[in-house]
Amino acid sequence: MIETNCSLKAFNTFSIDATAHILFHLSDLTQLAELSALVKKMRVQNKPILILGAGSNILFCDDFSGLIIKVELLGISIETTENDYILQVGAGENWHDLVTYCIDNDMGGLENLALIPGVVGAAPVQNIGAYGSEFKDFCVALEYLDLDTGKLHKVSNAQCQFAYRDSIFKQANMRSALITQVTLKLAKQWQPKQRNASLSDALDVSAKSIYQSICQVRAEKLPDPSELGNAGSFFKNPVVKKEVADKLRAENPNMPYYPQDAEHVKLAAGWLIEKADLKGRQIGGAAVHKKQALVLINKGNASAQDVIKLAELVRQSIKDKFNIELQHEVRFMDKLGETDLARAIQNV
Ligand code: FAD
Ligand code: EPU
């Protein structure tokens with residue numbers, strides 16, 4: 001199905017009111033010929049193309065002047081081998097529903113990744129992660145469509161170059177790669193992943209009880225996008241030189257501190273933002289969430305400009321106070337395609 005000049009408000013969890021020039025709902029690979037023709041037309045006209053899942057990691061800074069392809073490819077198939085369950089999952093399946101389905105069918109493993117919004121096809125893009133688990137821990141391979149050639153390709157886990165909130169799908173030369181299906185492996189011999197201090201001690205060790213605890217903790221801390229627009233953590237947690245982290249820790253002994261290797265430490269951006277006294281800070285309809293400072297929220301009528309100005313205030317304050325440069329996790333889209341905070345702030 002193709003729509004023109006349609007509102008994107010329901011298609012991004014920030015609930016920003018922008019429009020898409022063309023919105024293509026891709027629900028079946030039989031639509032490929034039609035899609036390829038449209039992609040060609042966009043390329044000739046020099047119009048941008050955006051692949052969209054559930055819009056839970058996107059800020060629409062402006063109306064989008066080109067083609068948005070909303071990935072709605074469904075289907076789950078499960079094979080059993082001696083030691084594992086092998087799942088083939090369509091990119092348009094809802095991620096949390098997949099986690100719940102696995103838990104309900106005694107296939108543990110994904111429980112730490114419960115309640116992450118979005119669809120399965122977006123999960124590899126930033127290698128979603130929470131509570132010690134990441135998408136890469138379960139991904140065997142995935143399939144993508146090269147929008148420019150119309151060809152399907154299969155890539156292995158190693159080829160995806162997964163890292164903290166990163167993969168090859170974030171590289172500029174992979175912007176035409178539309179993930180169609182992922183292959184996941186869940187071990188029959190389930191092992192709990194490391195516990196997290198913020199999970200209750202009463203946790204018993206079944207995949208289902210961990211799933212329930214994670215859902216509870218997340219529901220307490222993170223705003224539900226159906227009630228308060230947001231895109232989860234707005235910034236990534238910064239990885240800094242050990243000397244920088246050690247100096248800060250000497251001044252703040254309770255500061256969260258996550259060693260990465262001998263020379264680098266990951267810091268909690270939420271802690272830095274709270275320390276800079278920005279919890280609850282508001283610009284227009286956008287605010288720093290009071291329960292989790294790493295989340296910027298739409299209090300109801302925020303414009304993209306409000307969110308951009310607030311993000312810049314946060315970035316600059318953390319730079320001034322700690323000399324640490326925050327990078328945004330949320331993907332910024334403007335009229336002509338992907339942009340970033342540094343460029344977006346010039347236009348508000
Ligand atoms: P979108 O926002 O639609 O797209 C995100 C990016 O992926 C875009 O660049 C898009 O072009 C690309 N993309 C989407 N689908 C495809 C595809 N099929 N092929 C190629 N590219 C594609 N993230 C975490 O990692 N951990 C968390 O704990 C977490 N918690 C969150 C909590 C809340 C309340 C919210 C709102 C967000 C949270 N997020 C978290 C961020 C977000 O849920 C994830 O990034 C998610 O994977 C985005 O899925 P989506 O379908 O909404 O993708
Ligand atoms: N903290 C504060 N104040 C705050 C927020 C956090 O002091 O306002 C402190 C907490 O007390 C804790 C530490 O910072 O000591 C870390 O906080 P939390 O456990 O809430 O996790 P986070 O680092 O803020 C990351 C991910 C989340 C993921 C959680 C759970 C990033 C950018 N964010 O958040 O992912 O759900 O860990 O594992 O890595 C997302 O990417 O959108 C996202 C929500």
# chains A, B, ... in the order shown; residues from 1 in each chain; ligands from 1

$ select_by_dssp --residues "range 55-204 of chain A" --states "helix (DSSP H, G or I)" --output "PyMOL selection string"
chain A and resi 95-104+111-113+120-122+135-137+158-160+168-170+172-174

$ residues_near_ligand --ligand "ligand 1" --cutoff "7 Å" --atoms "only C-alpha atoms and all ligand atoms" --output "PyMOL selection string"
chain A and resi 13+50-58+71+91+113+116-123+125-130+165+169+177-180+222-225+230-233+331

$ write_last_selection --atoms "N, CA and C atoms" --output "tab-separated table (two decimals), in the first residue's frame"
chain	number	residue	atom	x	y	z
A	13	THR	N	7.56	7.24	18.04
A	13	THR	CA	7.14	7.19	19.45
A	13	THR	C	7.36	8.53	20.17
A	50	LEU	N	14.05	6.50	3.36
A	50	LEU	CA	14.24	6.08	4.76
A	50	LEU	C	13.53	4.75	5.01
A	51	ILE	N	14.24	3.83	5.64
A	51	ILE	CA	13.64	2.56	6.05
A	51	ILE	C	13.12	2.75	7.47
A	52	LEU	N	11.86	2.43	7.70
A	52	LEU	CA	11.25	2.70	9.02
A	52	LEU	C	10.69	1.42	9.64
A	53	GLY	N	10.96	1.28	10.95
A	53	GLY	CA	10.32	0.21	11.70
A	53	GLY	C	9.15	0.81	12.46
A	54	ALA	N	9.26	0.82	13.81
A	54	ALA	CA	8.18	1.40	14.63
A	54	ALA	C	8.48	2.84	15.01
A	55	GLY	N	9.58	3.39	14.53
A	55	GLY	CA	9.90	4.80	14.81
A	55	GLY	C	10.20	5.07	16.28
A	56	SER	N	10.79	4.09	16.99
A	56	SER	CA	11.07	4.31	18.42
A	56	SER	C	12.50	4.76	18.69
A	57	ASN	N	13.24	5.00	17.61
A	57	ASN	CA	14.60	5.52	17.80
A	57	ASN	C	14.89	6.65	16.81
A	58	ILE	N	13.83	7.36	16.44
A	58	ILE	CA	13.93	8.37	15.39
A	58	ILE	C	13.33	9.69	15.86
A	71	VAL	N	8.60	-1.18	7.14
A	71	VAL	CA	8.81	-2.63	7.00
A	71	VAL	C	7.79	-3.39	7.86
A	91	ALA	N	11.16	-9.24	9.58
A	91	ALA	CA	11.64	-7.96	10.11
A	91	ALA	C	10.52	-7.10	10.68
A	113	LEU	N	15.94	-8.67	27.22
A	113	LEU	CA	15.64	-7.69	26.18
A	113	LEU	C	14.14	-7.44	26.06
A	116	ILE	N	11.60	-3.81	25.02
A	116	ILE	CA	12.26	-2.83	24.13
A	116	ILE	C	11.32	-2.61	22.96
A	117	PRO	N	10.89	-1.37	22.74
A	117	PRO	CA	9.95	-1.13	21.65
A	117	PRO	C	10.60	-1.38	20.28
A	118	GLY	N	9.78	-1.44	19.27
A	118	GLY	CA	10.31	-1.54	17.91
A	118	GLY	C	10.10	-2.90	17.30
A	119	VAL	N	10.56	-3.03	16.06
A	119	VAL	CA	10.37	-4.28	15.34
A	119	VAL	C	11.71	-5.03	15.21
A	120	VAL	N	11.58	-6.30	14.86
A	120	VAL	CA	12.74	-7.20	14.80
A	120	VAL	C	13.80	-6.71	13.80
A	121	GLY	N	13.37	-6.17	12.68
A	121	GLY	CA	14.33	-5.74	11.65
A	121	GLY	C	15.20	-4.57	12.08
A	122	ALA	N	14.75	-3.81	13.07
A	122	ALA	CA	15.56	-2.68	13.55
A	122	ALA	C	16.54	-3.13	14.63
A	123	ALA	N	16.28	-4.27	15.26
A	123	ALA	CA	17.11	-4.70	16.40
A	123	ALA	C	18.59	-4.83	16.05
A	125	VAL	N	20.24	-3.11	13.86
A	125	VAL	CA	20.80	-1.84	13.39
A	125	VAL	C	21.67	-1.21	14.48
A	126	GLN	N	21.13	-1.06	15.69
A	126	GLN	CA	21.97	-0.53	16.76
A	126	GLN	C	22.31	-1.62	17.78
A	127	ASN	N	22.07	-2.90	17.37
A	127	ASN	CA	22.41	-4.00	18.27
A	127	ASN	C	21.80	-3.74	19.65
A	128	ILE	N	20.47	-3.78	19.69
A	128	ILE	CA	19.76	-3.40	20.92
A	128	ILE	C	20.31	-4.16	22.14
A	129	GLY	N	20.29	-3.48	23.26
A	129	GLY	CA	20.84	-4.10	24.46
A	129	GLY	C	20.17	-3.60	25.72
A	130	ALA	N	20.15	-4.46	26.72
A	130	ALA	CA	19.66	-4.08	28.05
A	130	ALA	C	20.05	-5.16	29.05
A	165	ARG	N	25.64	-0.40	20.65
A	165	ARG	CA	24.73	0.46	19.86
A	165	ARG	C	25.25	0.71	18.45
A	169	PHE	N	25.04	-1.70	9.72
A	169	PHE	CA	23.84	-1.05	9.16
A	169	PHE	C	23.76	0.43	9.49
A	177	ALA	N	20.42	-0.93	2.62
A	177	ALA	CA	20.21	-2.31	3.06
A	177	ALA	C	18.95	-2.39	3.93
A	178	LEU	N	17.94	-3.03	3.39
A	178	LEU	CA	16.68	-3.18	4.15
A	178	LEU	C	16.64	-4.60	4.70
A	179	ILE	N	16.74	-4.71	6.02
A	179	ILE	CA	16.76	-6.03	6.67
A	179	ILE	C	15.37	-6.65	6.54
A	180	THR	N	15.32	-7.88	6.00
A	180	THR	CA	14.02	-8.52	5.76
A	180	THR	C	13.72	-9.61	6.79
A	222	LEU	N	11.04	3.77	32.81
A	222	LEU	CA	10.97	4.34	31.45
A	222	LEU	C	9.54	4.74	31.10
A	223	PRO	N	9.35	5.91	30.51
A	223	PRO	CA	8.00	6.33	30.17
A	223	PRO	C	7.43	5.48	29.02
A	224	ASP	N	6.15	5.16	29.13
A	224	ASP	CA	5.47	4.40	28.08
A	224	ASP	C	5.13	5.36	26.94
A	225	PRO	N	5.68	5.11	25.73
A	225	PRO	CA	5.46	6.06	24.63
A	225	PRO	C	3.99	6.30	24.31
A	230	ASN	N	8.54	9.57	23.59
A	230	ASN	CA	9.98	9.52	23.85
A	230	ASN	C	10.61	8.48	22.93
A	231	ALA	N	11.93	8.45	22.89
A	231	ALA	CA	12.62	7.46	22.05
A	231	ALA	C	13.65	6.70	22.88
A	232	GLY	N	13.35	6.46	24.17
A	232	GLY	CA	14.29	5.75	25.04
A	232	GLY	C	15.48	6.64	25.35
A	233	SER	N	16.63	6.02	25.59
A	233	SER	CA	17.84	6.81	25.89
A	233	SER	C	18.11	7.74	24.71
A	331	ARG	N	18.26	8.60	16.06
A	331	ARG	CA	18.60	8.98	14.68
A	331	ARG	C	17.79	10.19	14.26

$ closest_atom_pairs --of "chain A" --to "ligand 2" --cutoff "8 Å" --atoms "only C-alpha atoms and all ligand atoms" --output "tab-separated table"
residue	atom	partner	partner_atom_place_in_ligand_line	distance
A:Asn57	CA	ligand 2	42 (O)	7.4
A:Ile116	CA	ligand 2	36 (O)	7.6
A:Ile128	CA	ligand 2	41 (O)	6.9
A:Gly129	CA	ligand 2	35 (O)	6.3
A:Ala130	CA	ligand 2	38 (O)	3.4
A:Tyr131	CA	ligand 2	38 (O)	3.7
A:Gly132	CA	ligand 2	38 (O)	6.4
A:Tyr164	CA	ligand 2	39 (O)	7.8
A:Arg165	CA	ligand 2	39 (O)	7.4
A:Ser198	CA	ligand 2	19 (O)	6.6
A:Arg218	CA	ligand 2	36 (O)	7.5
A:Lys221	CA	ligand 2	20 (O)	7.2
A:Leu222	CA	ligand 2	44 (C)	7.4
A:Ala231	CA	ligand 2	42 (O)	6.5
A:Gly232	CA	ligand 2	42 (O)	3.7
A:Ser233	CA	ligand 2	42 (O)	3.7
A:Phe234	CA	ligand 2	42 (O)	6.7
A:Phe235	CA	ligand 2	32 (C)	5.7
A:Lys236	CA	ligand 2	32 (C)	3.8
A:Asn237	CA	ligand 2	32 (C)	4.8
A:Met255	CA	ligand 2	15 (O)	7.3
A:Pro256	CA	ligand 2	15 (O)	5.0
A:Leu267	CA	ligand 2	23 (O)	7.9
A:Ala268	CA	ligand 2	14 (O)	4.7
A:Ala269	CA	ligand 2	24 (O)	6.5
A:Gly270	CA	ligand 2	5 (C)	3.8
A:Trp271	CA	ligand 2	7 (O)	3.6
A:Leu272	CA	ligand 2	7 (O)	7.3
A:Ile273	CA	ligand 2	8 (O)	6.9
A:Glu274	CA	ligand 2	8 (O)	5.3
A:Lys275	CA	ligand 2	7 (O)	7.7
A:Lys279	CA	ligand 2	8 (O)	7.0
A:His289	CA	ligand 2	8 (O)	7.8
A:Lys290	CA	ligand 2	8 (O)	7.0
A:Lys291	CA	ligand 2	8 (O)	6.0
A:Gln292	CA	ligand 2	8 (O)	3.8
A:Ala293	CA	ligand 2	8 (O)	3.7
A:Leu294	CA	ligand 2	24 (O)	5.8
A:Val295	CA	ligand 2	44 (C)	7.7
A:Glu329	CA	ligand 2	32 (C)	6.8

$ write_last_selection --atoms "N, CA, C and O atoms" --output "compact mmCIF listing (two decimals), in the first residue's frame"
# COMPACT_ATOMS: atom_id res chain seq x y z
N ASN A 57 13.24 5.00 17.61
CA ASN A 57 14.60 5.52 17.80
C ASN A 57 14.89 6.65 16.81
O ASN A 57 16.03 6.84 16.40
N ILE A 116 11.60 -3.81 25.02
CA ILE A 116 12.26 -2.83 24.13
C ILE A 116 11.32 -2.61 22.96
O ILE A 116 10.95 -3.57 22.27
N ILE A 128 20.47 -3.78 19.69
CA ILE A 128 19.76 -3.40 20.92
C ILE A 128 20.31 -4.16 22.14
O ILE A 128 20.72 -5.31 22.03
N GLY A 129 20.29 -3.48 23.26
CA GLY A 129 20.84 -4.10 24.46
C GLY A 129 20.17 -3.60 25.72
O GLY A 129 19.66 -2.48 25.76
N ALA A 130 20.15 -4.46 26.72
CA ALA A 130 19.66 -4.08 28.05
C ALA A 130 20.05 -5.16 29.05
O ALA A 130 20.06 -6.34 28.71
N TYR A 131 20.35 -4.73 30.25
CA TYR A 131 20.61 -5.63 31.38
C TYR A 131 21.59 -6.76 31.05
O TYR A 131 21.35 -7.93 31.36
N GLY A 132 22.68 -6.40 30.37
CA GLY A 132 23.75 -7.37 30.13
C GLY A 132 23.58 -8.23 28.90
O GLY A 132 24.46 -9.05 28.59
N TYR A 164 28.66 -1.90 20.81
CA TYR A 164 27.70 -1.17 21.66
C TYR A 164 26.92 -0.16 20.81
O TYR A 164 27.50 0.76 20.26
N ARG A 165 25.64 -0.40 20.65
CA ARG A 165 24.73 0.46 19.86
C ARG A 165 25.25 0.71 18.45
O ARG A 165 25.10 1.80 17.91
N SER A 198 19.97 -3.24 39.57
CA SER A 198 18.67 -2.60 39.68
C SER A 198 17.52 -3.61 39.62
O SER A 198 16.36 -3.25 39.71
N ARG A 218 11.50 -1.87 34.07
CA ARG A 218 11.42 -0.94 32.95
C ARG A 218 10.16 -0.08 33.02
O ARG A 218 10.21 1.12 32.73
N LYS A 221 10.75 2.78 35.43
CA LYS A 221 11.75 3.82 35.10
C LYS A 221 11.47 4.54 33.80
O LYS A 221 11.72 5.74 33.68
N LEU A 222 11.04 3.77 32.81
CA LEU A 222 10.97 4.34 31.45
C LEU A 222 9.54 4.74 31.10
O LEU A 222 8.61 3.97 31.36
N ALA A 231 11.93 8.45 22.89
CA ALA A 231 12.62 7.46 22.05
C ALA A 231 13.65 6.70 22.88
O ALA A 231 14.73 6.35 22.40
N GLY A 232 13.35 6.46 24.17
CA GLY A 232 14.29 5.75 25.04
C GLY A 232 15.48 6.64 25.35
O GLY A 232 15.37 7.89 25.37
N SER A 233 16.63 6.02 25.59
CA SER A 233 17.84 6.81 25.89
C SER A 233 18.11 7.74 24.71
O SER A 233 18.24 7.28 23.58
N PHE A 234 18.23 9.02 24.99
CA PHE A 234 18.44 9.96 23.88
C PHE A 234 19.90 9.94 23.45
O PHE A 234 20.22 10.03 22.27
N PHE A 235 20.80 9.80 24.45
CA PHE A 235 22.25 9.77 24.17
C PHE A 235 22.79 8.39 24.51
O PHE A 235 22.19 7.64 25.29
N LYS A 236 23.96 8.08 23.94
CA LYS A 236 24.64 6.83 24.31
C LYS A 236 25.42 7.08 25.60
O LYS A 236 25.77 8.23 25.89
N ASN A 237 25.70 6.03 26.32
CA ASN A 237 26.59 6.18 27.47
C ASN A 237 28.01 6.40 26.94
O ASN A 237 28.49 5.61 26.12
N MET A 255 29.75 7.38 41.69
CA MET A 255 29.45 7.48 40.26
C MET A 255 29.46 6.09 39.60
O MET A 255 30.40 5.32 39.80
N PRO A 256 28.41 5.75 38.79
CA PRO A 256 28.46 4.48 38.05
C PRO A 256 29.69 4.44 37.15
O PRO A 256 30.05 5.45 36.53
N LEU A 267 30.69 5.47 31.14
CA LEU A 267 30.01 6.22 32.21
C LEU A 267 28.52 6.23 31.93
O LEU A 267 28.08 5.97 30.80
N ALA A 268 27.73 6.54 32.95
CA ALA A 268 26.27 6.58 32.77
C ALA A 268 25.87 8.02 32.42
O ALA A 268 25.96 8.93 33.26
N ALA A 269 25.43 8.21 31.19
CA ALA A 269 25.04 9.56 30.76
C ALA A 269 23.90 10.10 31.64
O ALA A 269 23.84 11.30 31.94
N GLY A 270 23.00 9.20 32.07
CA GLY A 270 21.87 9.62 32.91
C GLY A 270 22.36 10.24 34.22
O GLY A 270 21.83 11.23 34.71
N TRP A 271 23.42 9.63 34.77
CA TRP A 271 24.01 10.15 36.01
C TRP A 271 24.62 11.53 35.77
O TRP A 271 24.44 12.46 36.56
N LEU A 272 25.36 11.67 34.67
CA LEU A 272 25.99 12.98 34.35
C LEU A 272 24.91 14.06 34.19
O LEU A 272 25.06 15.18 34.68
N ILE A 273 23.82 13.69 33.50
CA ILE A 273 22.75 14.68 33.23
C ILE A 273 22.05 15.07 34.55
O ILE A 273 21.77 16.24 34.80
N GLU A 274 21.85 14.06 35.40
CA GLU A 274 21.25 14.37 36.71
C GLU A 274 22.17 15.26 37.52
O GLU A 274 21.75 16.25 38.14
N LYS A 275 23.48 14.94 37.52
CA LYS A 275 24.48 15.74 38.25
C LYS A 275 24.54 17.18 37.75
O LYS A 275 24.89 18.10 38.49
N LYS A 279 17.48 17.33 35.43
CA LYS A 279 16.25 16.53 35.55
C LYS A 279 15.05 17.48 35.55
O LYS A 279 15.05 18.45 36.31
N HIS A 289 13.28 13.71 31.39
CA HIS A 289 12.39 12.89 32.23
C HIS A 289 12.88 12.90 33.68
O HIS A 289 14.07 12.75 33.95
N LYS A 290 11.94 13.05 34.61
CA LYS A 290 12.35 13.16 36.02
C LYS A 290 12.82 11.83 36.60
O LYS A 290 13.64 11.79 37.51
N LYS A 291 12.29 10.70 36.08
CA LYS A 291 12.67 9.41 36.65
C LYS A 291 13.91 8.83 35.98
O LYS A 291 14.50 7.88 36.49
N GLN A 292 14.28 9.33 34.78
CA GLN A 292 15.44 8.79 34.05
C GLN A 292 15.96 9.91 33.17
O GLN A 292 15.39 10.21 32.11
N ALA A 293 17.04 10.55 33.58
CA ALA A 293 17.49 11.78 32.92
C ALA A 293 18.01 11.56 31.51
O ALA A 293 18.19 12.52 30.76
N LEU A 294 18.25 10.30 31.15
CA LEU A 294 18.76 10.02 29.80
C LEU A 294 17.64 10.03 28.76
O LEU A 294 17.88 9.95 27.56
N VAL A 295 16.41 10.12 29.25
CA VAL A 295 15.26 10.09 28.35
C VAL A 295 14.67 11.49 28.21
O VAL A 295 14.38 12.14 29.22
N GLU A 329 22.03 8.79 20.56
CA GLU A 329 21.67 7.45 20.06
C GLU A 329 20.53 7.57 19.05
O GLU A 329 20.48 6.85 18.05

$ closest_atom_pairs --of "range 37-79 of chain A" --to "range 332-339 of chain A" --cutoff "9 Å" --atoms "only C-alpha atoms" --output "tab-separated table"
residue	atom	partner	partner_atom	distance
A:Lys47	CA	A:Leu336	CA	7.1
A:Pro48	CA	A:Gly337	CA	5.4
A:Ile49	CA	A:Gly337	CA	7.0
A:Leu50	CA	A:Gly337	CA	7.1
A:Asn57	CA	A:Phe332	CA	8.8
A:Ile58	CA	A:Phe332	CA	6.0
A:Leu59	CA	A:Phe332	CA	5.0
A:Phe60	CA	A:Met333	CA	5.0
A:Cys61	CA	A:Asp334	CA	4.9
A:Asp62	CA	A:Asp334	CA	4.9
A:Asp63	CA	A:Lys335	CA	5.4
A:Phe64	CA	A:Lys335	CA	4.3
A:Ser65	CA	A:Lys335	CA	5.1
A:Gly66	CA	A:Leu336	CA	7.4

$ select_by_dssp --residues "range 216-329 of chain A" --states "strand (DSSP E)" --output "PyMOL selection string"
chain A and resi 229-233+239-241+257-259+264-267+282-283+286-288+295-298
